[in-house]
>>> print(open('protein_17.txt').read())   # compact mmCIF, C-alpha atoms
# COMPACT_ATOMS: atom_id res chain seq x y z
CA MET R 1 37.90 -14.57 50.29
CA SER R 2 37.90 -12.41 47.19
CA ASP R 3 40.57 -14.62 45.64
CA HIS R 4 38.47 -17.68 46.23
CA ALA R 5 35.44 -16.06 44.65
CA LEU R 6 37.57 -15.09 41.68
CA ASN R 7 38.82 -18.67 41.23
CA THR R 8 35.36 -20.18 41.15
CA ARG R 9 34.34 -17.64 38.57
CA GLN R 10 37.32 -18.37 36.38
CA ALA R 11 36.49 -22.05 36.01
CA PRO R 12 33.42 -21.72 33.69
CA PRO R 13 35.10 -19.96 30.72
CA ALA R 14 36.73 -23.21 29.50
CA GLU R 15 33.27 -24.83 29.42
CA PHE R 16 31.80 -21.79 27.69
CA ASP R 17 34.49 -21.75 25.02
CA ARG R 18 33.69 -25.28 23.97
CA ARG R 19 30.02 -24.40 23.67
CA ALA R 20 30.84 -21.26 21.73
CA PHE R 21 33.10 -23.30 19.47
CA PHE R 22 30.34 -25.77 18.62
CA THR R 23 27.87 -22.94 18.13
CA LYS R 24 30.25 -21.38 15.65
CA ILE R 25 30.80 -24.70 13.87
CA GLY R 26 27.04 -25.21 13.69
CA LEU R 27 26.24 -21.73 12.43
CA GLY R 28 29.16 -21.88 10.02
CA SER R 29 27.98 -25.13 8.43
CA LEU R 30 24.43 -23.78 8.23
CA GLY R 31 25.82 -20.71 6.49
CA ILE R 32 27.76 -22.84 4.02
CA ALA R 33 24.67 -24.98 3.37
CA ALA R 34 22.57 -21.83 2.82
CA ALA R 35 25.12 -20.37 0.40
CA GLY R 36 25.24 -23.71 -1.44
CA THR R 37 21.46 -23.78 -1.67
CA ILE R 38 21.43 -20.31 -3.19
CA VAL R 39 24.06 -21.29 -5.77
CA PHE R 40 22.29 -24.56 -6.62
CA SER R 41 18.92 -22.77 -6.93
CA TYR R 42 20.39 -20.15 -9.21
CA GLU R 43 22.06 -22.81 -11.36
CA TYR R 44 18.87 -24.86 -11.53
CA LEU R 45 16.70 -21.88 -12.47
CA SER R 46 18.93 -20.67 -15.31
CA PRO R 47 18.54 -23.01 -18.30
CA ASN R 48 21.76 -24.26 -19.91
CA VAL R 49 20.16 -25.10 -23.25
CA LEU R 50 17.73 -22.72 -24.90
CA TYR R 51 15.42 -23.84 -27.66
CA GLU R 52 15.33 -20.37 -29.14
CA PRO R 53 15.81 -19.55 -32.85
CA SER R 54 19.41 -19.11 -34.01
CA PRO R 55 20.59 -15.48 -33.93
CA ILE R 56 22.06 -15.90 -37.44
CA VAL R 57 19.52 -15.56 -40.23
CA ASN R 58 19.70 -15.81 -44.00
CA ILE R 59 17.60 -13.06 -45.54
CA GLY R 60 18.09 -13.75 -49.24
CA LYS R 61 20.00 -12.53 -52.26
CA PRO R 62 21.32 -8.92 -52.21
CA GLN R 63 19.85 -8.19 -55.65
CA ASP R 64 16.31 -8.95 -54.34
CA PHE R 65 16.35 -5.65 -52.43
CA ALA R 66 15.60 -2.53 -54.45
CA LEU R 67 17.83 0.53 -54.14
CA ASN R 68 16.68 2.90 -51.36
CA SER R 69 14.31 0.37 -49.88
CA VAL R 70 13.58 -0.69 -46.31
CA THR R 71 12.47 -4.31 -45.95
CA MET R 72 10.84 -5.49 -42.73
CA ASP R 73 11.33 -9.12 -41.76
CA VAL R 74 8.89 -9.50 -38.89
CA ASN R 75 9.82 -13.11 -38.11
CA SER R 76 13.49 -12.37 -37.53
CA ALA R 77 12.79 -8.82 -36.26
CA ILE R 78 15.25 -7.01 -38.54
CA TYR R 79 15.11 -4.27 -41.16
CA LEU R 80 17.26 -4.82 -44.21
CA VAL R 81 18.02 -1.43 -45.75
CA ARG R 82 19.62 -0.90 -49.12
CA ALA R 83 20.89 2.66 -49.26
CA ASP R 84 23.06 4.42 -51.80
CA GLU R 85 26.09 3.71 -49.60
CA GLY R 86 25.33 -0.03 -49.37
CA TYR R 87 23.40 -2.57 -47.32
CA PHE R 88 22.82 -2.63 -43.57
CA ALA R 89 20.63 -4.51 -41.11
CA LEU R 90 18.89 -2.81 -38.21
CA SER R 91 17.21 -4.44 -35.22
CA MET R 92 13.42 -3.93 -35.14
CA VAL R 93 13.35 -4.33 -31.34
CA CYS R 94 12.76 -0.98 -29.67
CA THR R 95 15.55 -0.06 -27.24
CA HIS R 96 12.96 1.23 -24.76
CA LEU R 97 11.07 -1.87 -23.59
CA GLY R 98 11.46 -4.42 -26.35
CA CYS R 99 8.38 -3.87 -28.53
CA LEU R 100 8.60 -4.53 -32.26
CA THR R 101 8.85 -1.25 -34.19
CA ALA R 102 7.49 -0.80 -37.73
CA TRP R 103 8.66 1.07 -40.84
CA ASN R 104 6.29 3.80 -41.92
CA GLN R 105 6.76 4.18 -45.69
CA ASP R 106 4.74 7.40 -46.00
CA LEU R 107 6.65 9.31 -43.33
CA GLY R 108 9.94 7.56 -44.05
CA ILE R 109 10.55 6.81 -40.35
CA ILE R 110 10.50 3.87 -37.98
CA LYS R 111 7.80 4.07 -35.28
CA CYS R 112 7.20 2.02 -32.16
CA PRO R 113 3.52 1.30 -31.43
CA CYS R 114 3.97 0.86 -27.68
CA HIS R 115 5.30 4.17 -26.36
CA GLY R 116 5.74 6.29 -29.47
CA SER R 117 9.50 6.24 -30.05
CA GLU R 118 10.51 7.30 -33.57
CA PHE R 119 13.74 6.57 -35.42
CA THR R 120 15.29 7.42 -38.77
CA ARG R 121 16.00 4.50 -41.07
CA THR R 122 19.62 4.51 -39.86
CA GLY R 123 18.32 3.92 -36.33
CA GLN R 124 18.88 7.41 -34.91
CA LYS R 125 16.22 8.42 -32.39
CA ILE R 126 13.94 11.27 -33.45
CA GLU R 127 11.49 11.22 -30.58
CA GLY R 128 10.15 9.25 -27.63
CA PRO R 129 11.42 7.44 -24.55
CA ALA R 130 13.92 5.12 -26.28
CA PRO R 131 17.29 5.62 -24.53
CA LYS R 132 19.46 4.40 -27.42
CA PRO R 133 19.39 4.28 -31.23
CA LEU R 134 18.35 1.01 -32.88
CA PRO R 135 21.50 -1.12 -33.11
CA TRP R 136 23.16 -1.99 -36.41
CA LEU R 137 23.65 -5.74 -36.76
CA LYS R 138 26.62 -7.62 -38.16
CA THR R 139 25.94 -8.34 -41.84
CA TRP R 140 27.95 -10.29 -44.41
CA VAL R 141 27.60 -12.25 -47.63
CA SER R 142 27.80 -16.02 -47.35
CA ASP R 143 29.76 -18.27 -49.72
CA GLU R 144 26.51 -18.99 -51.55
CA GLY R 145 26.01 -15.26 -52.13
CA ASP R 146 23.21 -14.81 -49.56
CA LEU R 147 22.94 -11.89 -47.16
CA MET R 148 23.48 -13.08 -43.59
CA VAL R 149 22.69 -11.19 -40.40
CA ASP R 150 23.87 -12.02 -36.87
CA ARG R 151 21.23 -10.62 -34.52
CA SER R 152 23.37 -11.15 -31.43
CA THR R 153 26.27 -8.96 -32.63
CA ASP R 154 25.94 -5.17 -32.79
CA ILE R 155 28.31 -3.11 -34.93
CA PRO R 156 28.98 0.63 -34.81
CA PRO R 157 26.47 2.57 -36.97
CA LEU R 158 27.13 3.64 -40.55
CA GLN R 159 29.30 0.63 -41.45
CA TYR R 160 27.61 -0.11 -44.75
CA LEU R 161 28.08 -3.44 -46.47
CA ARG R 162 29.22 -2.72 -50.01
CA ILE R 163 28.80 -5.48 -52.58
CA MET A 164 -41.28 -25.58 22.70
CA PRO A 165 -38.57 -27.56 20.84
CA THR A 166 -39.66 -28.83 17.47
CA LYS A 167 -38.79 -32.20 15.94
CA ALA A 168 -35.98 -30.62 13.89
CA ASP A 169 -34.48 -29.00 17.01
CA GLN A 170 -34.50 -32.36 18.78
CA ILE A 171 -32.70 -34.04 15.85
CA ILE A 172 -30.09 -31.25 15.77
CA GLU A 173 -29.57 -31.62 19.53
CA GLN A 174 -29.17 -35.39 19.14
CA VAL A 175 -26.59 -34.94 16.37
CA ARG A 176 -24.68 -32.38 18.41
CA ALA A 177 -24.64 -34.69 21.41
CA SER A 178 -23.52 -37.69 19.38
CA ARG A 179 -20.06 -39.12 19.84
CA VAL A 180 -18.96 -38.39 16.26
CA TRP A 181 -19.99 -34.72 16.50
CA ARG A 182 -18.29 -34.35 19.87
CA SER A 183 -15.11 -35.90 18.50
CA VAL A 184 -14.99 -33.17 15.81
CA PHE A 185 -16.26 -30.20 17.83
CA ARG A 186 -14.92 -30.76 21.30
CA SER A 187 -15.99 -27.45 22.79
CA GLY A 188 -19.39 -28.91 23.64
CA THR A 189 -22.84 -27.40 23.43
CA GLY A 190 -24.20 -24.56 25.44
CA ASN A 191 -24.79 -20.84 25.28
CA SER A 192 -22.43 -19.79 28.04
CA THR A 193 -19.70 -17.26 27.27
CA LEU A 194 -17.13 -20.01 27.78
CA HIS A 195 -18.75 -22.31 25.23
CA ARG A 196 -18.99 -19.53 22.68
CA ALA A 197 -15.36 -18.59 23.24
CA LEU A 198 -14.29 -22.23 22.93
CA ALA A 199 -16.23 -22.63 19.68
CA ILE A 200 -14.09 -19.87 18.14
CA GLN A 201 -10.85 -20.86 19.81
CA GLN A 202 -11.00 -24.54 18.87
CA ASN A 203 -11.85 -24.03 15.21
CA ILE A 204 -8.78 -23.94 12.98
CA PHE A 205 -10.31 -21.32 10.66
CA LEU A 206 -11.79 -19.12 13.38
CA HIS A 207 -8.97 -19.32 15.90
CA LEU A 208 -7.07 -16.69 13.93
CA PHE A 209 -9.73 -14.21 15.01
CA ALA A 210 -10.48 -12.78 18.43
CA THR A 211 -12.95 -14.78 20.53
CA LYS A 212 -14.71 -11.58 21.43
CA VAL A 213 -15.28 -8.59 19.20
CA ARG A 214 -16.77 -5.23 20.07
CA LYS A 215 -19.90 -4.40 18.13
CA ARG A 216 -18.52 -1.09 16.91
CA MET A 217 -15.59 -2.92 15.31
CA VAL A 218 -17.82 -4.91 12.97
CA ARG A 219 -20.09 -2.05 12.02
CA PHE A 220 -20.08 -1.35 8.26
CA SER A 221 -18.85 2.21 8.79
CA ALA A 222 -15.70 1.03 10.61
CA THR A 223 -14.11 -0.77 7.66
CA TRP A 224 -16.67 -0.77 4.82
CA TYR A 225 -15.82 -4.51 4.88
CA LEU A 226 -13.12 -3.85 2.27
CA GLY A 227 -10.69 -6.43 3.69
CA THR A 228 -13.37 -9.10 3.89
CA LEU A 229 -14.50 -8.34 0.34
CA THR A 230 -10.89 -8.68 -0.84
CA LEU A 231 -10.75 -12.11 0.79
CA GLY A 232 -14.04 -12.93 -0.97
CA THR A 233 -12.60 -12.12 -4.39
CA PHE A 234 -9.49 -14.14 -3.52
CA LEU A 235 -11.63 -17.20 -2.69
CA ILE A 236 -13.57 -16.80 -5.96
CA LEU A 237 -10.25 -16.59 -7.81
CA VAL A 238 -8.92 -19.77 -6.17
CA ILE A 239 -12.07 -21.76 -6.98
CA THR A 240 -12.51 -20.52 -10.56
CA GLY A 241 -8.75 -20.71 -11.14
CA VAL A 242 -8.56 -24.37 -10.13
CA LEU A 243 -11.48 -25.14 -12.44
CA LEU A 244 -9.85 -23.29 -15.34
CA MET A 245 -6.68 -25.34 -14.80
CA LEU A 246 -8.60 -28.47 -15.78
CA TYR A 247 -8.83 -27.29 -19.41
CA TYR A 248 -5.73 -25.12 -19.79
CA HIS A 249 -2.33 -26.45 -20.95
CA PRO A 250 0.58 -24.04 -20.38
CA SER A 251 2.26 -24.82 -23.71
CA VAL A 252 2.88 -22.58 -26.71
CA PRO A 253 0.80 -24.53 -29.27
CA GLN A 254 -2.15 -25.09 -26.91
CA ALA A 255 -2.47 -22.16 -24.52
CA TYR A 256 -4.30 -19.77 -26.85
CA ALA A 257 -6.53 -22.52 -28.28
CA ASP A 258 -7.42 -23.74 -24.78
CA MET A 259 -8.37 -20.21 -23.77
CA LYS A 260 -10.64 -19.96 -26.85
CA ASP A 261 -12.09 -23.41 -26.08
CA LEU A 262 -12.93 -22.24 -22.59
CA GLN A 263 -14.79 -19.32 -24.14
CA PHE A 264 -16.67 -21.12 -26.89
CA VAL A 265 -16.67 -24.89 -26.32
CA VAL A 266 -16.55 -25.75 -22.63
CA SER A 267 -19.89 -25.60 -20.80
CA SER A 268 -19.87 -22.61 -18.42
CA GLY A 269 -16.27 -22.00 -19.51
CA LEU A 270 -17.01 -18.43 -20.54
CA PHE A 271 -18.73 -17.78 -17.22
CA LEU A 272 -15.81 -19.15 -15.19
CA ARG A 273 -13.18 -17.36 -17.24
CA ASN A 274 -15.02 -14.05 -17.02
CA LEU A 275 -15.66 -14.57 -13.32
CA HIS A 276 -11.92 -15.16 -12.83
CA ARG A 277 -11.03 -12.10 -14.89
CA TRP A 278 -13.50 -9.71 -13.28
CA SER A 279 -12.72 -10.95 -9.78
CA ALA A 280 -9.05 -10.34 -10.50
CA GLN A 281 -9.75 -6.75 -11.57
CA LEU A 282 -12.01 -6.26 -8.56
CA MET A 283 -9.45 -7.72 -6.16
CA VAL A 284 -6.77 -5.24 -7.28
CA PHE A 285 -9.29 -2.42 -6.90
CA LEU A 286 -10.41 -3.62 -3.45
CA VAL A 287 -6.83 -4.03 -2.21
CA PHE A 288 -6.15 -0.39 -3.08
CA ALA A 289 -9.48 0.76 -1.61
CA HIS A 290 -8.72 -1.18 1.59
CA MET A 291 -5.27 0.41 1.84
CA PHE A 292 -6.63 3.92 1.25
CA LYS A 293 -9.24 3.33 3.95
CA VAL A 294 -6.59 2.08 6.39
CA PHE A 295 -4.28 4.95 5.49
CA TYR A 296 -6.77 7.79 5.76
CA ARG A 297 -8.29 6.43 8.98
CA GLY A 298 -4.80 6.20 10.45
CA ALA A 299 -5.32 2.52 11.22
CA TYR A 300 -1.71 1.73 10.26
CA ARG A 301 -0.32 3.42 13.40
CA THR A 302 1.08 1.73 16.51
CA PRO A 303 0.53 -1.10 17.33
CA ARG A 304 -0.55 -2.00 13.81
CA GLU A 305 2.57 -0.91 11.84
CA PHE A 306 3.69 -4.47 11.21
CA ASN A 307 0.30 -5.49 9.85
CA TRP A 308 0.56 -2.56 7.44
CA VAL A 309 3.87 -4.02 6.24
CA ILE A 310 2.24 -7.44 5.81
CA GLY A 311 -0.43 -5.59 3.83
CA ILE A 312 2.25 -4.12 1.54
CA VAL A 313 3.57 -7.65 0.94
CA LEU A 314 0.03 -8.78 0.10
CA LEU A 315 -0.34 -5.83 -2.30
CA LEU A 316 2.83 -6.92 -4.10
CA ILE A 317 1.65 -10.55 -4.23
CA THR A 318 -1.71 -9.39 -5.63
CA LEU A 319 0.00 -7.34 -8.35
CA LEU A 320 2.36 -10.22 -9.20
CA LEU A 321 -0.59 -12.62 -9.43
CA SER A 322 -2.31 -10.16 -11.73
CA TYR A 323 0.83 -9.77 -13.85
CA THR A 324 1.66 -13.49 -14.14
CA GLY A 325 -1.95 -14.32 -15.00
CA TYR A 326 -1.86 -11.76 -17.79
CA LEU A 327 0.52 -13.90 -19.89
CA LEU A 328 -1.50 -17.12 -19.73
CA PRO A 329 -4.05 -16.39 -22.54
CA TRP A 330 -0.98 -16.19 -24.83
CA ASP A 331 -2.48 -13.61 -27.17
CA GLN A 332 -0.82 -10.50 -28.62
CA LEU A 333 -1.84 -8.34 -25.65
CA ALA A 334 -0.36 -10.87 -23.20
CA TYR A 335 2.83 -11.39 -25.22
CA TRP A 336 3.72 -7.72 -25.58
CA ALA A 337 2.64 -6.78 -22.08
CA ILE A 338 4.99 -9.38 -20.65
CA THR A 339 7.75 -8.40 -23.10
CA VAL A 340 7.49 -4.81 -21.90
CA GLY A 341 7.00 -5.77 -18.23
CA SER A 342 9.91 -8.18 -18.09
CA ASN A 343 12.15 -5.65 -19.83
CA LEU A 344 11.44 -3.31 -16.92
CA SER A 345 13.28 -5.77 -14.67
CA SER A 346 16.37 -5.35 -16.85
CA ALA A 347 16.60 -1.80 -15.50
CA VAL A 348 17.65 -3.09 -12.05
CA PRO A 349 21.30 -2.09 -11.57
CA LEU A 350 23.95 -4.81 -12.03
CA ILE A 351 21.68 -7.87 -11.82
CA GLY A 352 18.88 -6.60 -14.07
CA SER A 353 19.64 -8.82 -17.05
CA LYS A 354 20.08 -11.86 -14.75
CA ILE A 355 16.65 -11.27 -13.20
CA HIS A 356 15.19 -10.92 -16.69
CA PHE A 357 16.80 -14.21 -17.76
CA LEU A 358 15.66 -16.10 -14.64
CA LEU A 359 12.12 -14.73 -14.85
CA LEU A 360 11.65 -15.75 -18.48
CA GLY A 361 13.85 -18.85 -18.38
CA GLY A 362 15.48 -17.51 -21.55
CA ASN A 363 16.11 -14.33 -23.49
CA GLN A 364 12.64 -13.94 -24.95
CA VAL A 365 9.02 -14.58 -23.96
CA ASN A 366 8.67 -18.19 -25.04
CA ALA A 367 7.72 -21.70 -23.86
CA ASN A 368 9.88 -21.46 -20.71
CA ALA A 369 8.43 -18.09 -19.78
CA LEU A 370 4.87 -19.38 -20.22
CA LEU A 371 5.57 -22.37 -17.97
CA ARG A 372 7.34 -20.28 -15.32
CA PHE A 373 4.53 -17.75 -15.20
CA TYR A 374 2.01 -20.60 -14.97
CA VAL A 375 3.78 -22.17 -11.98
CA LEU A 376 4.16 -18.79 -10.30
CA HIS A 377 0.53 -17.93 -10.95
CA CYS A 378 -1.02 -21.25 -9.93
CA VAL A 379 1.26 -22.52 -7.16
CA ILE A 380 3.94 -20.27 -5.70
CA LEU A 381 2.14 -16.93 -5.47
CA PRO A 382 -1.21 -18.34 -4.21
CA LEU A 383 0.62 -20.29 -1.46
CA ALA A 384 2.51 -17.15 -0.49
CA ALA A 385 -0.76 -15.19 -0.50
CA ILE A 386 -2.51 -17.72 1.76
CA LEU A 387 0.41 -17.67 4.20
CA PHE A 388 0.48 -13.88 4.43
CA ILE A 389 -3.32 -13.60 4.60
CA ALA A 390 -3.24 -15.93 7.62
CA ILE A 391 -0.58 -13.80 9.31
CA HIS A 392 -2.53 -10.65 8.40
CA PHE A 393 -5.72 -11.91 10.09
CA TRP A 394 -3.92 -13.27 13.13
CA ARG A 395 -2.19 -9.91 13.61
CA ILE A 396 -5.57 -8.15 13.70
CA ARG A 397 -6.33 -10.05 16.91
CA LYS A 398 -2.82 -9.61 18.29
CA ASP A 399 -2.88 -5.87 17.63
CA GLY A 400 -6.07 -5.36 19.59
CA GLY A 401 -8.78 -6.03 17.03
CA LEU A 402 -10.10 -4.02 14.13
CA TYR A 403 -9.35 -0.32 14.29
CA VAL A 404 -12.24 1.94 15.13
CA GLN A 405 -12.00 5.68 14.73
CA GLN A 406 -13.52 7.68 17.56
CA SER A 407 -15.13 11.02 16.82
CA ASP A 408 -13.99 12.35 20.20
CA PRO A 409 -10.18 12.81 20.41
CA LYS A 410 -10.13 11.85 24.12
CA ALA A 411 -11.94 8.59 23.48
CA GLN A 412 -9.53 8.02 20.60
CA ALA A 413 -6.55 8.37 22.92
CA ALA A 414 -8.15 6.04 25.46
CA ALA A 415 -8.95 3.45 22.79
CA GLU A 416 -5.38 3.57 21.58
CA ASN A 417 -3.95 3.07 25.05
CA GLU A 418 -6.23 0.21 25.96
CA PRO A 419 -5.42 -2.05 23.01
CA ALA A 420 -3.21 -5.14 22.92
CA ALA A 421 -3.16 -6.05 26.60
CA LYS A 422 -6.91 -6.52 26.86
CA GLU A 423 -7.74 -8.32 23.68
CA ALA A 424 -4.59 -10.14 22.66
CA LYS A 425 -4.78 -13.75 23.67
>>> encode(input="protein_17.txt", output="structure tokens")
Amino acid sequence: MSDHALNTRQAPPAEFDRRAFFTKIGLGSLGIAAAGTIVFSYEYLSPNVLYEPSPIVNIGKPQDFALNSVTMDVNSAIYLVRADEGYFALSMVCTHLGCLTAWNQDLGIIKCPCHGSEFTRTGQKIEGPAPKPLPWLKTWVSDEGDLMVDRSTDIPPLQYLRI
Amino acid sequence: MPTKADQIIEQVRASRVWRSVFRSGTGNSTLHRALAIQQNIFLHLFATKVRKRMVRFSATWYLGTLTLGTFLILVITGVLLMLYYHPSVPQAYADMKDLQFVVSSGLFLRNLHRWSAQLMVFLVFAHMFKVFYRGAYRTPREFNWVIGIVLLLITLLLSYTGYLLPWDQLAYWAITVGSNLSSAVPLIGSKIHFLLLGGNQVNANALLRFYVLHCVILPLAAILFIAIHFWRIRKDGGLYVQQSDPKAQAAAENEPAAKEAK
């Protein structure tokens, strides 16, 4: 009696396995489709071509900059500084939240209008919430004798360009 | 004594066209009144019967309803503003100035949109403080509180995305600062920043993305969650009413869902 009951109960599992198999196939393909959708969405939403200005800018002849001067170029967001040791370019973009800082000639420091960060003209932080110093940017002299700055490439501080 | 106007209204309500739209039929019975609510797509989210004490001013100060009011004003004025505004770098600022100085009633609509937006953010917070301090977020209304948090976030995102559209200095730097905040997210921060702006800086792509978010995606999300929010009020036993007597409070909290949920 008990054996018979056991036999009838053993029959269904084969049926159930097939159903479970198809459930797994179905859920698996839905999962793959979902993952694909996420990848496609991400790819679609991140532009492959950007119509943004080139990071490399020509800022003029070295002799146009007076000794011990800080020149602000607001359009390209860089400071070109000519110190006794040589030339260097500093990013104007505050390392806190991306505002444009400004050179204060009277105090001889760089100040950010948004949240009050202050920097020396070599980019070192004096005060405020900025987490990092202003980065030094790669600077070189082109074949035509113009000063070039690559805004996308940072260099370690205090690497003056001597001409 | 029915007047002429009453007779005409009765005739219209009995007409075949009227009956095809409002199928609940005429009559003052409780059933007819319940059907009138139940069979209306806008009203069916609400309970067919409401206790008087729930709709008293002191129960809610009508803060939720007022928030919905500002949202409706924002949708209507926003759609009208869209007729003159181009989300492109050369035109956005000029269009905004045209709306202020050239378009008839443009200044009124723009200011109405702006002030309603400020008021909506204020009312959302006031509504949440009221719900919080009255304890209306407790069982069985926890989930509706969560929906409310989602609506708070949508409101703030609507406010934030709309801020860029005038394309003036204030807008530009606010979005520069705000989007740089997203870079602080661990690991994927810079990716989020890039996707949000559609580039590395606040530019044409960012303006267009914020425009689409502000005018299409976020309002649709808001409408969806507002609908769920209202429907849950009915499902959770109606608007919360605070009882002065603790015993009555306990009784009111035990009675809820079963009786009024439909």
>>> interface_residues(input="protein_17.txt", of="chain R", to="chain A", cutoff="6 Å", atoms="only C-alpha atoms", output="number ranges by chain")
R: 46, 97-98
>>> residues_around(input="protein_17.txt", residues="Met291 in chain A", least_positions_apart="5", cutoff="9 Å", atoms="only C-alpha atoms", output="MDAnalysis selection string")
chainID A and resid 226:227 286 296 308 311:312 315
>>> residues_around(input="protein_17.txt", residues="Lys260 in chain A", least_positions_apart="5", cutoff="10 Å", atoms="all atoms listed in the file", output="PyMOL selection string")
chain A and resi 254-255+265-266+269-270+329
>>> closest_residue(input="protein_17.txt", among="R:Ala102, R:Cys94, R:Val39, R:Leu27", to="Tyr79 in chain R", atoms="all atoms listed in the file")
R:Ala102
>>> atom_distance(input="protein_17.txt", atom1="CA of Trp136 in chain R", atom2="CA of Leu161 in chain R")
11.3 Å
>>> atom_distance(input="protein_17.txt", atom1="CA of Pro129 in chain R", atom2="CA of His115 in chain R")
7.2 Å
